[in-house]
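One file, structure-v2.cif, is given below (mmCIF, N, CA, C and O atoms).
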```
data_data
loop_
_atom_site.label_atom_id
_atom_site.label_comp_id
_atom_site.auth_asym_id
_atom_site.auth_seq_id
_atom_site.Cartn_x
_atom_site.Cartn_y
_atom_site.Cartn_z
N MET A 1 4.81 -8.52 -18.10
CA MET A 1 5.23 -7.69 -16.98
C MET A 1 4.61 -6.31 -17.12
O MET A 1 4.66 -5.69 -18.17
N ASN A 2 4.06 -5.86 -16.07
CA ASN A 2 3.43 -4.55 -16.02
C ASN A 2 4.48 -3.50 -15.63
O ASN A 2 5.18 -3.67 -14.63
N ASP A 3 4.59 -2.43 -16.42
CA ASP A 3 5.55 -1.37 -16.11
C ASP A 3 5.32 -0.77 -14.74
O ASP A 3 6.26 -0.29 -14.10
N ASP A 4 4.07 -0.80 -14.26
CA ASP A 4 3.78 -0.29 -12.92
C ASP A 4 4.53 -1.07 -11.85
O ASP A 4 4.97 -0.50 -10.86
N GLN A 5 4.69 -2.37 -12.06
CA GLN A 5 5.42 -3.18 -11.08
C GLN A 5 6.88 -2.74 -11.00
O GLN A 5 7.46 -2.72 -9.91
N ILE A 6 7.46 -2.41 -12.13
CA ILE A 6 8.85 -1.92 -12.14
C ILE A 6 8.91 -0.59 -11.40
O ILE A 6 9.78 -0.37 -10.57
N PHE A 7 7.98 0.30 -11.71
CA PHE A 7 7.95 1.61 -11.07
C PHE A 7 7.82 1.46 -9.55
O PHE A 7 8.55 2.10 -8.80
N TYR A 8 6.91 0.61 -9.10
CA TYR A 8 6.72 0.44 -7.65
C TYR A 8 7.95 -0.19 -6.99
O TYR A 8 8.28 0.15 -5.85
N PHE A 9 8.63 -1.08 -7.70
CA PHE A 9 9.87 -1.64 -7.17
C PHE A 9 10.93 -0.54 -7.06
O PHE A 9 11.65 -0.47 -6.06
N LEU A 10 11.02 0.32 -8.07
CA LEU A 10 11.96 1.44 -8.01
C LEU A 10 11.61 2.38 -6.86
O LEU A 10 12.51 2.89 -6.17
N CYS A 11 10.33 2.60 -6.62
CA CYS A 11 9.90 3.43 -5.47
C CYS A 11 10.36 2.79 -4.16
O CYS A 11 10.87 3.48 -3.27
N PHE A 12 10.18 1.49 -4.03
CA PHE A 12 10.61 0.77 -2.84
C PHE A 12 12.12 0.94 -2.62
O PHE A 12 12.57 1.25 -1.52
N CYS A 13 12.89 0.74 -3.69
CA CYS A 13 14.35 0.88 -3.60
C CYS A 13 14.73 2.30 -3.22
O CYS A 13 15.60 2.51 -2.36
N HIS A 14 14.09 3.28 -3.84
CA HIS A 14 14.35 4.70 -3.54
C HIS A 14 14.09 4.97 -2.06
O HIS A 14 14.89 5.64 -1.40
N ASP A 15 12.99 4.45 -1.54
CA ASP A 15 12.67 4.62 -0.12
C ASP A 15 13.72 3.97 0.78
O ASP A 15 13.94 4.41 1.91
N GLN A 16 14.39 2.92 0.26
CA GLN A 16 15.45 2.25 1.01
C GLN A 16 16.80 2.94 0.84
O GLN A 16 17.78 2.53 1.44
N GLY A 17 16.85 3.96 -0.05
CA GLY A 17 18.08 4.75 -0.20
C GLY A 17 18.96 4.40 -1.38
O GLY A 17 20.12 4.79 -1.42
N PHE A 18 18.42 3.63 -2.34
CA PHE A 18 19.25 3.30 -3.50
C PHE A 18 18.41 3.18 -4.76
O PHE A 18 17.20 3.01 -4.71
N LEU A 19 19.09 3.29 -5.89
CA LEU A 19 18.51 3.02 -7.20
C LEU A 19 19.24 1.79 -7.71
O LEU A 19 20.46 1.80 -7.84
N PRO A 20 18.52 0.68 -7.98
CA PRO A 20 19.19 -0.59 -8.28
C PRO A 20 19.94 -0.60 -9.60
O PRO A 20 19.69 0.21 -10.49
N ASP A 21 20.85 -1.56 -9.71
CA ASP A 21 21.59 -1.76 -10.95
C ASP A 21 20.80 -2.67 -11.89
O ASP A 21 19.75 -3.20 -11.54
N PHE A 22 21.31 -2.82 -13.11
CA PHE A 22 20.62 -3.63 -14.11
C PHE A 22 20.46 -5.07 -13.65
O PHE A 22 19.39 -5.67 -13.84
N ASP A 23 21.48 -5.65 -13.05
CA ASP A 23 21.40 -7.05 -12.62
C ASP A 23 20.26 -7.27 -11.63
O ASP A 23 19.54 -8.27 -11.72
N THR A 24 20.10 -6.35 -10.70
CA THR A 24 19.02 -6.46 -9.73
C THR A 24 17.67 -6.42 -10.42
O THR A 24 16.78 -7.23 -10.14
N LEU A 25 17.51 -5.46 -11.35
CA LEU A 25 16.24 -5.35 -12.06
C LEU A 25 15.97 -6.55 -12.97
O LEU A 25 14.85 -7.04 -13.03
N SER A 26 17.00 -7.01 -13.67
CA SER A 26 16.78 -8.15 -14.57
C SER A 26 16.52 -9.44 -13.79
O SER A 26 15.78 -10.30 -14.27
N ASP A 27 17.07 -9.56 -12.58
CA ASP A 27 16.75 -10.72 -11.73
C ASP A 27 15.31 -10.64 -11.23
O ASP A 27 14.60 -11.65 -11.17
N LYS A 28 14.87 -9.43 -10.88
CA LYS A 28 13.52 -9.23 -10.37
C LYS A 28 12.47 -9.35 -11.48
O LYS A 28 11.37 -9.84 -11.24
N PHE A 29 12.83 -8.89 -12.68
CA PHE A 29 11.90 -8.89 -13.82
C PHE A 29 12.56 -9.58 -15.02
O PHE A 29 12.88 -8.94 -16.02
N PRO A 30 12.75 -10.91 -14.95
CA PRO A 30 13.53 -11.62 -15.97
C PRO A 30 12.90 -11.62 -17.37
O PRO A 30 13.61 -11.79 -18.35
N GLU A 31 11.62 -11.42 -17.47
CA GLU A 31 10.95 -11.45 -18.77
C GLU A 31 10.92 -10.07 -19.44
O GLU A 31 10.40 -9.93 -20.55
N THR A 32 11.48 -9.07 -18.78
CA THR A 32 11.40 -7.69 -19.28
C THR A 32 12.64 -7.36 -20.10
O THR A 32 13.77 -7.61 -19.67
N ASP A 33 12.42 -6.79 -21.25
CA ASP A 33 13.49 -6.41 -22.17
C ASP A 33 14.38 -5.32 -21.56
O ASP A 33 13.90 -4.45 -20.82
N TRP A 34 15.67 -5.37 -21.89
CA TRP A 34 16.64 -4.37 -21.43
C TRP A 34 16.17 -2.95 -21.71
O TRP A 34 16.28 -2.07 -20.87
N ASN A 35 15.65 -2.71 -22.90
CA ASN A 35 15.21 -1.35 -23.27
C ASN A 35 14.09 -0.85 -22.38
O ASN A 35 14.03 0.33 -22.04
N VAL A 36 13.19 -1.74 -22.01
CA VAL A 36 12.09 -1.36 -21.12
C VAL A 36 12.64 -1.01 -19.74
O VAL A 36 12.28 0.01 -19.15
N LEU A 37 13.54 -1.85 -19.22
CA LEU A 37 14.14 -1.56 -17.91
C LEU A 37 14.88 -0.23 -17.93
O LEU A 37 14.74 0.58 -17.01
N GLN A 38 15.65 -0.01 -18.97
CA GLN A 38 16.42 1.23 -19.09
C GLN A 38 15.48 2.43 -19.13
O GLN A 38 15.72 3.43 -18.45
N GLN A 39 14.41 2.35 -19.90
CA GLN A 39 13.48 3.47 -20.00
C GLN A 39 12.77 3.73 -18.67
O GLN A 39 12.56 4.87 -18.29
N GLU A 40 12.41 2.66 -17.98
CA GLU A 40 11.75 2.82 -16.68
C GLU A 40 12.67 3.52 -15.68
O GLU A 40 12.24 4.40 -14.93
N VAL A 41 13.94 3.12 -15.65
CA VAL A 41 14.89 3.75 -14.72
C VAL A 41 15.09 5.22 -15.09
O VAL A 41 15.10 6.09 -14.23
N LYS A 42 15.25 5.51 -16.38
CA LYS A 42 15.42 6.90 -16.82
C LYS A 42 14.21 7.74 -16.44
O LYS A 42 14.35 8.85 -15.91
N SER A 43 13.02 7.22 -16.71
CA SER A 43 11.79 7.95 -16.38
C SER A 43 11.68 8.18 -14.88
O SER A 43 11.34 9.28 -14.43
N PHE A 44 11.99 7.15 -14.10
CA PHE A 44 11.93 7.27 -12.64
C PHE A 44 12.92 8.33 -12.15
O PHE A 44 12.58 9.19 -11.34
N ALA A 45 14.15 8.27 -12.65
CA ALA A 45 15.19 9.19 -12.20
C ALA A 45 14.85 10.64 -12.55
O ALA A 45 15.22 11.56 -11.82
N ASN A 46 14.15 10.84 -13.64
CA ASN A 46 13.81 12.20 -14.06
C ASN A 46 12.72 12.84 -13.22
O ASN A 46 12.56 14.06 -13.26
N ILE A 47 11.97 12.07 -12.45
CA ILE A 47 10.89 12.66 -11.65
C ILE A 47 11.12 12.50 -10.15
O ILE A 47 10.25 12.85 -9.37
N HIS A 48 12.26 11.97 -9.75
CA HIS A 48 12.54 11.78 -8.32
C HIS A 48 13.86 12.44 -7.93
O HIS A 48 14.81 12.47 -8.70
N GLU A 49 13.89 12.94 -6.74
CA GLU A 49 15.10 13.54 -6.17
C GLU A 49 16.07 12.41 -5.84
O GLU A 49 15.72 11.44 -5.17
N LEU A 50 17.30 12.52 -6.34
CA LEU A 50 18.29 11.47 -6.12
C LEU A 50 19.43 11.91 -5.20
O LEU A 50 20.37 11.14 -4.99
N ASP A 51 19.35 13.11 -4.64
CA ASP A 51 20.35 13.52 -3.66
C ASP A 51 20.30 12.58 -2.46
O ASP A 51 19.23 12.31 -1.92
N GLY A 52 21.43 12.05 -2.09
CA GLY A 52 21.50 11.14 -0.95
C GLY A 52 21.12 9.71 -1.29
O GLY A 52 21.07 8.86 -0.41
N ILE A 53 20.85 9.43 -2.56
CA ILE A 53 20.48 8.09 -2.99
C ILE A 53 21.71 7.42 -3.61
O ILE A 53 22.40 8.02 -4.43
N ASN A 54 21.97 6.19 -3.21
CA ASN A 54 23.07 5.42 -3.79
C ASN A 54 22.63 4.91 -5.16
O ASN A 54 21.83 3.97 -5.24
N VAL A 55 23.12 5.54 -6.21
CA VAL A 55 22.74 5.17 -7.57
C VAL A 55 23.67 4.06 -8.05
O VAL A 55 24.84 4.30 -8.33
N MET A 56 23.13 2.86 -8.13
CA MET A 56 23.91 1.70 -8.54
C MET A 56 23.79 1.46 -10.05
O MET A 56 24.57 0.72 -10.62
N TRP A 57 22.81 2.09 -10.68
CA TRP A 57 22.58 1.96 -12.12
C TRP A 57 23.77 2.53 -12.85
O TRP A 57 24.20 3.66 -12.58
N LYS A 58 24.33 1.80 -13.80
CA LYS A 58 25.52 2.23 -14.53
C LYS A 58 25.19 2.88 -15.87
O LYS A 58 26.04 3.45 -16.51
N GLY A 59 23.95 2.76 -16.32
CA GLY A 59 23.56 3.37 -17.59
C GLY A 59 23.36 4.87 -17.46
O GLY A 59 23.31 5.43 -16.37
N GLU A 60 23.24 5.51 -18.60
CA GLU A 60 23.02 6.96 -18.61
C GLU A 60 21.61 7.26 -18.14
O GLU A 60 20.64 6.63 -18.56
N LEU A 61 21.49 8.25 -17.27
CA LEU A 61 20.18 8.60 -16.72
C LEU A 61 19.61 9.89 -17.31
O LEU A 61 18.43 10.12 -17.25
N GLN A 62 20.44 10.75 -17.87
CA GLN A 62 19.99 12.02 -18.43
C GLN A 62 19.13 12.78 -17.42
O GLN A 62 17.97 13.08 -17.68
N LEU A 63 19.71 13.03 -16.28
CA LEU A 63 18.98 13.72 -15.23
C LEU A 63 18.71 15.17 -15.61
O LEU A 63 19.48 15.78 -16.34
N PRO A 64 17.62 15.71 -15.08
CA PRO A 64 17.32 17.12 -15.38
C PRO A 64 18.43 18.03 -14.87
O PRO A 64 19.07 17.74 -13.86
N GLN A 65 18.65 19.12 -15.55
CA GLN A 65 19.74 20.03 -15.21
C GLN A 65 19.33 21.14 -14.23
O GLN A 65 20.08 22.05 -13.98
N TYR A 66 18.13 21.08 -13.71
CA TYR A 66 17.67 22.10 -12.77
C TYR A 66 17.84 21.63 -11.34
O TYR A 66 17.84 20.45 -11.09
N LYS A 67 18.02 22.55 -10.44
CA LYS A 67 18.07 22.28 -8.99
C LYS A 67 17.82 23.57 -8.26
O LYS A 67 18.16 24.61 -8.69
#
```
Full structure transcribed into structure tokens:
Amino acid sequence: MNDDQIFYFLCFCHDQGFLPDFDTLSDKFPETDWNVLQQEVKSFANIHELDGINVMWKGELQLPQYK
């Protein structure tokens, strides 16, 4: 699995107004390790505006403290 595919899927979801949960990502990318999925979501969340986005991810995101 290419990490770019996960990133582009997260971009698609973001454009649709949500950040997916782990179950959605693991269904979409079944061969990808939990740690990789978690890191991809954290990295994505740290570089994208999430105001107005339905965040379904239950893990810690460690969002930047600036606004």
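In this structure, atom O of Leu19 in chain A sits 6.0 Å away from CA of Asn54 in chain A.
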Inset, instruction - Go through A:Thr24, A:Gln16, A:Gln39, A:Thr32 and flag the residue nearest Ile53 in chain A, using only C-alpha atoms for the distances. - result: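 Counting only C-alpha atoms, the residue closest to Ile53 in chain A is A:Gln16.
You can rank A:Asp51, A:Lys28, A:Asp33, A:Lys42 by their closest distance to His14 in chain A using all atoms listed in the file, and at the top of that list sits A:Asp51.
Nearest-residue note for Ser43 in chain A: choosing from A:Asp23, A:Asn2, A:Leu10, A:Phe18, the minimum distance belongs to A:Leu10, counting only C-alpha atoms.
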Can you tell me, as JSON, the centre and edge lengths (Å, one decimal) of the axis-aligned box enclosing all of range 16-27 of chain A's listed atoms after padding each side by 6 Å?
```
{"center_x": 18.0, "center_y": -3.4, "center_z": -6.6, "size_x": 19.2, "size_y": 28.4, "size_z": 28.0}
```
Inset, instruction - Excluding Val41 in chain A and residues on its chain fewer than 3 positions from it, collect all residues at most 8 Å away from it, counting only N, CA, C and O atoms, and give them as a PyMOL selection string. - result: chain A and resi 6-7+10+20+34-38+44-48+60-62
Inset, instruction - Work out how far apart atom O of Gly52 in chain A and atom O of Pro30 in chain A are and give it in Å to one decimal. - result: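 Going from atom O of Gly52 in chain A over to atom O of Pro30 in chain A, I get 28.4 Å.
Here CA of Lys58 in chain A and CA of Asp21 in chain A stand 6.6 Å from one another.
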